[in-house]
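A.B. asks: What follows is the file upload27.cif, containing mmCIF, C-alpha atoms:
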data_structure
loop_
_atom_site.label_atom_id
_atom_site.label_comp_id
_atom_site.auth_asym_id
_atom_site.auth_seq_id
_atom_site.Cartn_x
_atom_site.Cartn_y
_atom_site.Cartn_z
CA MET R 1 -17.23 27.25 -11.32
CA ARG R 2 -18.02 29.49 -14.26
CA ARG R 3 -18.14 26.46 -16.59
CA VAL R 4 -20.64 24.67 -14.33
CA ARG R 5 -22.83 27.78 -14.05
CA LYS R 6 -22.85 28.38 -17.81
CA GLU R 7 -23.56 24.69 -18.58
CA ARG R 8 -26.70 25.04 -16.45
CA GLY R 9 -27.72 28.30 -18.11
CA ALA R 10 -27.61 30.22 -14.81
CA THR R 11 -26.76 33.88 -14.43
CA LEU R 12 -24.76 35.40 -11.59
CA ALA R 13 -27.90 37.21 -10.44
CA GLY R 14 -29.93 33.98 -10.45
CA LEU R 15 -27.20 32.10 -8.58
CA SER R 16 -26.99 34.96 -6.06
CA THR R 17 -30.73 34.68 -5.39
CA ALA R 18 -30.51 30.87 -5.02
CA THR R 19 -27.49 30.93 -2.67
CA GLY R 20 -27.71 34.22 -0.80
CA ILE R 21 -24.16 35.05 -1.93
CA SER R 22 -23.65 38.49 -3.48
CA VAL R 23 -23.10 38.81 -7.23
CA SER R 24 -19.73 40.50 -6.64
CA THR R 25 -18.54 37.62 -4.40
CA LEU R 26 -19.66 35.05 -6.99
CA SER R 27 -17.88 37.00 -9.74
CA ARG R 28 -14.65 37.19 -7.71
CA LEU R 29 -14.85 33.44 -6.96
CA GLU R 30 -15.24 32.60 -10.66
CA SER R 31 -12.37 34.89 -11.71
CA GLY R 32 -10.04 33.60 -8.98
CA LEU R 33 -9.84 36.94 -7.18
CA ARG R 34 -11.32 35.39 -4.04
CA LYS R 35 -10.35 32.10 -2.42
CA PRO R 36 -13.26 29.71 -2.19
CA SER R 37 -14.26 28.50 1.26
CA LEU R 38 -16.47 25.58 2.14
CA GLU R 39 -19.00 28.09 3.47
CA LEU R 40 -19.33 29.53 -0.06
CA LEU R 41 -18.87 26.37 -2.11
CA LEU R 42 -21.53 24.23 -0.44
CA PRO R 43 -24.52 26.49 -1.30
CA ILE R 44 -23.22 26.90 -4.87
CA ALA R 45 -22.88 23.13 -5.30
CA ARG R 46 -26.40 22.63 -3.88
CA ALA R 47 -27.84 25.27 -6.22
CA HIS R 48 -26.24 23.60 -9.26
CA GLN R 49 -27.03 20.11 -7.90
CA VAL R 50 -23.46 18.91 -8.47
CA PRO R 51 -20.93 17.23 -6.18
CA LEU R 52 -18.39 19.56 -4.62
CA ASP R 53 -15.59 17.77 -6.54
CA GLU R 54 -17.16 18.69 -9.87
CA LEU R 55 -17.62 22.30 -8.83
CA VAL R 56 -13.96 22.81 -7.92
CA GLY R 57 -12.57 20.64 -10.71
CA ALA R 58 -10.95 18.09 -8.40
CA PRO R 59 -8.81 15.58 -10.31
CA GLN R 60 -10.39 12.20 -10.85
CA VAL R 61 -9.02 9.43 -8.71
CA GLY R 62 -7.67 6.49 -10.66
CA ASP R 63 -8.43 2.88 -9.94
CA PRO R 64 -6.48 2.06 -6.74
CA ARG R 65 -6.43 -1.69 -7.26
CA VAL R 66 -3.15 -3.50 -7.82
CA ARG R 67 -3.62 -5.68 -10.85
CA ALA R 68 -2.13 -9.08 -10.27
CA ALA R 69 0.71 -9.82 -12.62
CA LYS R 70 1.02 -13.22 -14.19
CA PRO R 71 1.90 -15.65 -11.40
CA ILE R 72 5.37 -17.14 -11.26
CA VAL R 73 5.87 -20.74 -10.09
CA MET R 74 9.24 -21.33 -8.39
CA HIS R 75 10.21 -24.33 -6.27
CA GLY R 76 6.57 -25.49 -6.23
CA ARG R 77 5.32 -22.14 -4.85
CA THR R 78 3.11 -19.72 -6.74
CA HIS R 79 4.28 -16.07 -6.47
CA TRP R 80 2.20 -13.08 -7.54
CA PRO R 81 4.45 -10.00 -7.91
CA LEU R 82 2.87 -6.94 -6.28
CA THR R 83 5.58 -4.45 -7.26
CA ARG R 84 6.20 -3.37 -10.83
CA GLN R 85 9.52 -1.51 -10.70
CA PRO R 86 12.85 -3.34 -10.75
CA GLY R 87 15.32 -2.97 -7.88
CA GLY R 88 14.58 -1.90 -4.35
CA LEU R 89 12.04 -3.71 -2.23
CA GLN R 90 9.96 -6.35 -3.96
CA ALA R 91 6.56 -7.55 -2.70
CA TYR R 92 4.95 -10.91 -3.46
CA LYS R 93 1.83 -12.77 -2.46
CA VAL R 94 2.85 -16.43 -2.16
CA LEU R 95 0.87 -19.66 -2.04
CA GLU R 96 2.74 -22.69 -0.75
CA PRO R 97 0.86 -25.97 -1.31
CA LYS R 98 0.43 -28.58 1.39
CA ARG R 99 3.65 -30.57 1.46
CA LYS R 100 6.16 -31.84 3.96
CA ASP R 101 9.62 -30.86 2.72
CA GLU R 102 12.84 -31.40 4.60
CA PRO R 103 14.33 -27.92 5.32
CA GLU R 104 17.42 -27.01 3.29
CA PRO R 105 18.55 -23.65 4.75
CA ARG R 106 20.28 -21.27 2.33
CA THR R 107 21.90 -17.86 2.53
CA HIS R 108 22.04 -14.90 0.16
CA GLU R 109 22.26 -11.12 0.28
CA GLY R 110 19.12 -9.31 1.34
CA TYR R 111 16.52 -8.79 4.00
CA GLU R 112 13.09 -10.45 4.10
CA TRP R 113 9.81 -9.84 5.87
CA LEU R 114 7.03 -12.49 5.89
CA TYR R 115 3.38 -12.05 6.92
CA VAL R 116 1.07 -15.08 7.08
CA LEU R 117 -2.39 -14.53 5.61
CA SER R 118 -3.75 -18.07 6.12
CA GLY R 119 -2.44 -21.47 7.10
CA ARG R 120 0.77 -22.16 9.00
CA LEU R 121 4.27 -21.32 7.77
CA ARG R 122 7.34 -23.12 9.10
CA LEU R 123 10.44 -20.93 9.33
CA VAL R 124 13.89 -22.30 10.02
CA LEU R 125 16.26 -19.41 10.76
CA GLY R 126 19.70 -20.22 12.10
CA GLU R 127 19.09 -22.42 15.14
CA HIS R 128 15.42 -21.43 15.41
CA ASP R 129 12.59 -23.60 14.04
CA VAL R 130 9.24 -21.79 14.45
CA VAL R 131 5.73 -22.01 13.06
CA LEU R 132 3.89 -18.78 12.18
CA GLY R 133 0.10 -18.67 12.07
CA ALA R 134 -2.28 -16.27 10.32
CA GLY R 135 -1.56 -12.69 11.38
CA GLU R 136 2.01 -13.38 12.48
CA ALA R 137 5.10 -11.91 10.87
CA ALA R 138 8.85 -12.50 10.81
CA GLU R 139 11.75 -10.44 9.54
CA PHE R 140 15.34 -11.48 9.05
CA ASP R 141 18.65 -10.89 7.35
CA THR R 142 18.90 -13.46 4.55
CA ARG R 143 22.62 -13.92 5.21
CA VAL R 144 21.49 -16.05 8.17
CA PRO R 145 20.82 -19.63 6.97
CA HIS R 146 17.05 -19.83 6.45
CA TRP R 147 14.24 -21.92 4.94
CA PHE R 148 10.46 -21.53 5.00
CA GLY R 149 7.58 -23.60 3.72
CA SER R 150 4.43 -25.50 4.56
CA THR R 151 4.17 -27.40 7.84
CA GLY R 152 2.62 -30.28 5.90
CA GLU R 153 -0.74 -29.69 7.58
CA GLY R 154 -2.17 -27.69 4.67
CA PRO R 155 -1.41 -24.89 2.24
CA VAL R 156 -0.10 -21.55 3.50
CA GLU R 157 -0.65 -18.14 1.96
CA PHE R 158 1.69 -15.30 2.89
CA LEU R 159 3.13 -11.96 1.84
CA SER R 160 6.85 -11.60 1.27
CA LEU R 161 8.76 -8.33 1.10
CA PHE R 162 12.32 -8.76 -0.02
CA GLY R 163 15.19 -6.33 -0.50
CA ARG R 164 18.17 -7.72 -2.45
CA GLN R 165 20.55 -5.03 -1.20
CA GLY R 166 19.59 -5.63 2.42
CA GLU R 167 17.03 -2.85 2.71
CA ARG R 168 15.01 -3.18 5.87
CA MET R 169 11.25 -2.88 5.70
CA HIS R 170 11.25 -0.19 8.41
CA VAL R 171 13.74 1.65 10.56
CA ARG R 172 13.70 0.99 14.28
CA ALA R 173 14.16 3.98 16.53
CA ARG R 174 17.04 3.67 18.94
CA PRO R 175 16.89 5.38 22.34
CA LYS R 176 19.31 8.24 22.86
CA ARG R 177 22.16 7.64 25.24
CA GLY R 178 21.95 9.65 28.45
CA GLY R 179 23.47 13.11 28.10
CA GLY R 180 25.88 12.20 25.30
CA GLN R 181 28.71 11.65 27.81
CA ALA R 182 31.03 8.69 27.67
CA GLY R 183 30.64 6.40 30.66
#
Please express what this file holds, its structure, as structure tokens.

C.D. replies:
Amino acid sequence: MRRVRKERGATLAGLSTATGISVSTLSRLESGLRKPSLELLLPIARAHQVPLDELVGAPQVGDPRVRAAKPIVMHGRTHWPLTRQPGGLQAYKVLEPKRKDEPEPRTHEGYEWLYVLSGRLRLVLGEHDVVLGAGEAAEFDTRVPHWFGSTGEGPVEFLSLFGRQGERMHVRARPKRGGGQAG
């Protein structure tokens, strides 16, 4: 606060007149002997004509966007990695072109979660053969024979979260058993 005041060439007395806050309170705020409250900070920010963030020296917020990595094409699908660190859960945005492939279910270690952004995604999981539309999701253990791809009606765009070690995307709460007694 002292830096902002000095940059504007203001004195404590002048700031006191402009804000109605006593010189001693302003001095204690600047020296850190008094905790700033919103009630005190707002008139000071108005008097200096600065945003509250600048007055209190709030850290700048970095760019929150996830920069798309170079796409990877595997099995005719385009994958954009959304995670940068190796291991653990991996996230991908996937674009499957319009095609009518014959399902070839496979198994491997892991756990997968799919969320359809647009189009229709066919999922063969064990004995189930389902079609997911935009806004629908599926999750499954990849040790169960599975296959997913386009329905052949058009392209499908979806998000895939995958954990090689079988990590689940979320933990489901289980109800407590009544009274903890064996039945």

A.B. asks: Residues near Glu30 (chain R), anyone? I mean within 10 Å using all atoms listed in the file, not counting same-chain ones fewer than 6 positions away, as a compact mmCIF listing (two decimals) with C-alpha atoms, in the coordinates of the input.

C.D. replies:
# COMPACT_ATOMS: atom_id res chain seq x y z
CA MET R 1 -17.23 27.25 -11.32
CA ARG R 2 -18.02 29.49 -14.26
CA ARG R 3 -18.14 26.46 -16.59
CA ARG R 5 -22.83 27.78 -14.05
CA LEU R 12 -24.76 35.40 -11.59
CA SER R 24 -19.73 40.50 -6.64
CA PRO R 36 -13.26 29.71 -2.19

A.B. asks: Enumerate, as a PyMOL selection string, the residues matched when the PyMOL selection byres ((chain R and resi 86-102) around 6) is run on the file above.

C.D. replies: chain R and resi 77-83+85+103+150+152+154-163

A.B. asks: For Gly133 (chain R), please output as a compact mmCIF listing (two decimals) with C-alpha atoms, in the coordinates of the input all residues within 8 Å (counting all atoms listed in the file; exclusion window: fewer than 4 positions along the same chain).

C.D. replies:
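part-v3.txt, written as the output of this step:
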# COMPACT_ATOMS: atom_id res chain seq x y z
CA VAL R 116 1.07 -15.08 7.08
CA SER R 118 -3.75 -18.07 6.12
CA GLY R 119 -2.44 -21.47 7.10
CA ARG R 120 0.77 -22.16 9.00
CA LEU R 121 4.27 -21.32 7.77

A.B. asks: Pick out the closest residue to Trp113 (chain R) from this set: R:Arg28, R:Arg8, R:Arg164, R:His48. Count all atoms listed in the file.

C.D. replies: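 Between R:Arg28, R:Arg8, R:Arg164, R:His48, the residue approaching Trp113 (chain R) most closely is R:Arg164.
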
A.B. asks: Quick one: pull the distance between CA of Glu54 (chain R) and CA of Gly32 (chain R), Å, one decimal.

C.D. replies: 16.5 Å

A.B. asks: Taking the file as shown, what set of residues would the PyMOL selection byres ((chain R and resi 137) around 7) give back, as a ChimeraX atom specification?

C.D. replies: /R:114-116,135-136,138-139

A.B. asks: Just to be explicit: take each residue in the selection above, keep C-alpha atoms, and write the result as a PDB file, in the coordinates of the input.

C.D. replies:
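This went into part_18.pdb:
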ATOM      1  CA  LEU R 114       7.030 -12.490   5.890  1.00  0.00           C
ATOM      2  CA  TYR R 115       3.380 -12.050   6.920  1.00  0.00           C
ATOM      3  CA  VAL R 116       1.070 -15.080   7.080  1.00  0.00           C
ATOM      4  CA  GLY R 135      -1.560 -12.690  11.380  1.00  0.00           C
ATOM      5  CA  GLU R 136       2.010 -13.380  12.480  1.00  0.00           C
ATOM      6  CA  ALA R 138       8.850 -12.500  10.810  1.00  0.00           C
ATOM      7  CA  GLU R 139      11.750 -10.440   9.540  1.00  0.00           C
TER       8      GLU R 139
END

A.B. asks: In file coordinates, which residues lie within 12 Å of (-29.3, 31.3, -8.8) using all atoms listed in the file, given as a list in words?

C.D. replies: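 Those residues, ordered by chain and then number, are Arg5, Lys6, Arg8, Gly9, Ala10, Thr11, Leu12, Ala13, Gly14, Leu15, Ser16, Thr17, Ala18, Thr19, Gly20, Ile21, Ser22, Val23, Leu26, Pro43, Ile44, Ala45, Arg46, Ala47, His48 and Gln49 of chain R.
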
A.B. asks: Print the selection's residues with C-alpha atoms to a file, as an mmCIF file, keeping the file's coordinate frame.

C.D. replies:
data_model
loop_
_atom_site.group_PDB
_atom_site.id
_atom_site.type_symbol
_atom_site.label_atom_id
_atom_site.label_comp_id
_atom_site.auth_asym_id
_atom_site.auth_seq_id
_atom_site.Cartn_x
_atom_site.Cartn_y
_atom_site.Cartn_z
ATOM 1 C CA ARG R 5 -22.830 27.780 -14.050
ATOM 2 C CA LYS R 6 -22.850 28.380 -17.810
ATOM 3 C CA ARG R 8 -26.700 25.040 -16.450
ATOM 4 C CA GLY R 9 -27.720 28.300 -18.110
ATOM 5 C CA ALA R 10 -27.610 30.220 -14.810
ATOM 6 C CA THR R 11 -26.760 33.880 -14.430
ATOM 7 C CA LEU R 12 -24.760 35.400 -11.590
ATOM 8 C CA ALA R 13 -27.900 37.210 -10.440
ATOM 9 C CA GLY R 14 -29.930 33.980 -10.450
ATOM 10 C CA LEU R 15 -27.200 32.100 -8.580
ATOM 11 C CA SER R 16 -26.990 34.960 -6.060
ATOM 12 C CA THR R 17 -30.730 34.680 -5.390
ATOM 13 C CA ALA R 18 -30.510 30.870 -5.020
ATOM 14 C CA THR R 19 -27.490 30.930 -2.670
ATOM 15 C CA GLY R 20 -27.710 34.220 -0.800
ATOM 16 C CA ILE R 21 -24.160 35.050 -1.930
ATOM 17 C CA SER R 22 -23.650 38.490 -3.480
ATOM 18 C CA VAL R 23 -23.100 38.810 -7.230
ATOM 19 C CA LEU R 26 -19.660 35.050 -6.990
ATOM 20 C CA PRO R 43 -24.520 26.490 -1.300
ATOM 21 C CA ILE R 44 -23.220 26.900 -4.870
ATOM 22 C CA ALA R 45 -22.880 23.130 -5.300
ATOM 23 C CA ARG R 46 -26.400 22.630 -3.880
ATOM 24 C CA ALA R 47 -27.840 25.270 -6.220
ATOM 25 C CA HIS R 48 -26.240 23.600 -9.260
ATOM 26 C CA GLN R 49 -27.030 20.110 -7.900
#

A.B. asks: By how many Å are CA of Val130 (chain R) and CA of Pro71 (chain R) apart?

C.D. replies: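 Atom-to-atom, CA of Val130 (chain R) to CA of Pro71 (chain R), that is 27.6 Å.
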
A.B. asks: Identify which of the residues R:Leu125, R:Arg34, R:Leu132, R:Leu55 lies closest to Glu7 (chain R), counting only C-alpha atoms when measuring atom-to-atom distances.

C.D. replies: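 Of R:Leu125, R:Arg34, R:Leu132, R:Leu55, the one nearest Glu7 (chain R), counting only C-alpha atoms, is R:Leu55.
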
A.B. asks: For CA of Gly110 (chain R) and CA of Gly76 (chain R), determine how far apart the two atoms are, in Å to one decimal place.

C.D. replies: 21.8 Å

A.B. asks: Using only C-alpha atoms, which residue out of R:Val56, R:Thr142, R:Val50, R:Arg106 lies closest to Leu38 (chain R)?

C.D. replies: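 That would be R:Val56, the residue with the smallest distance to Leu38 (chain R).
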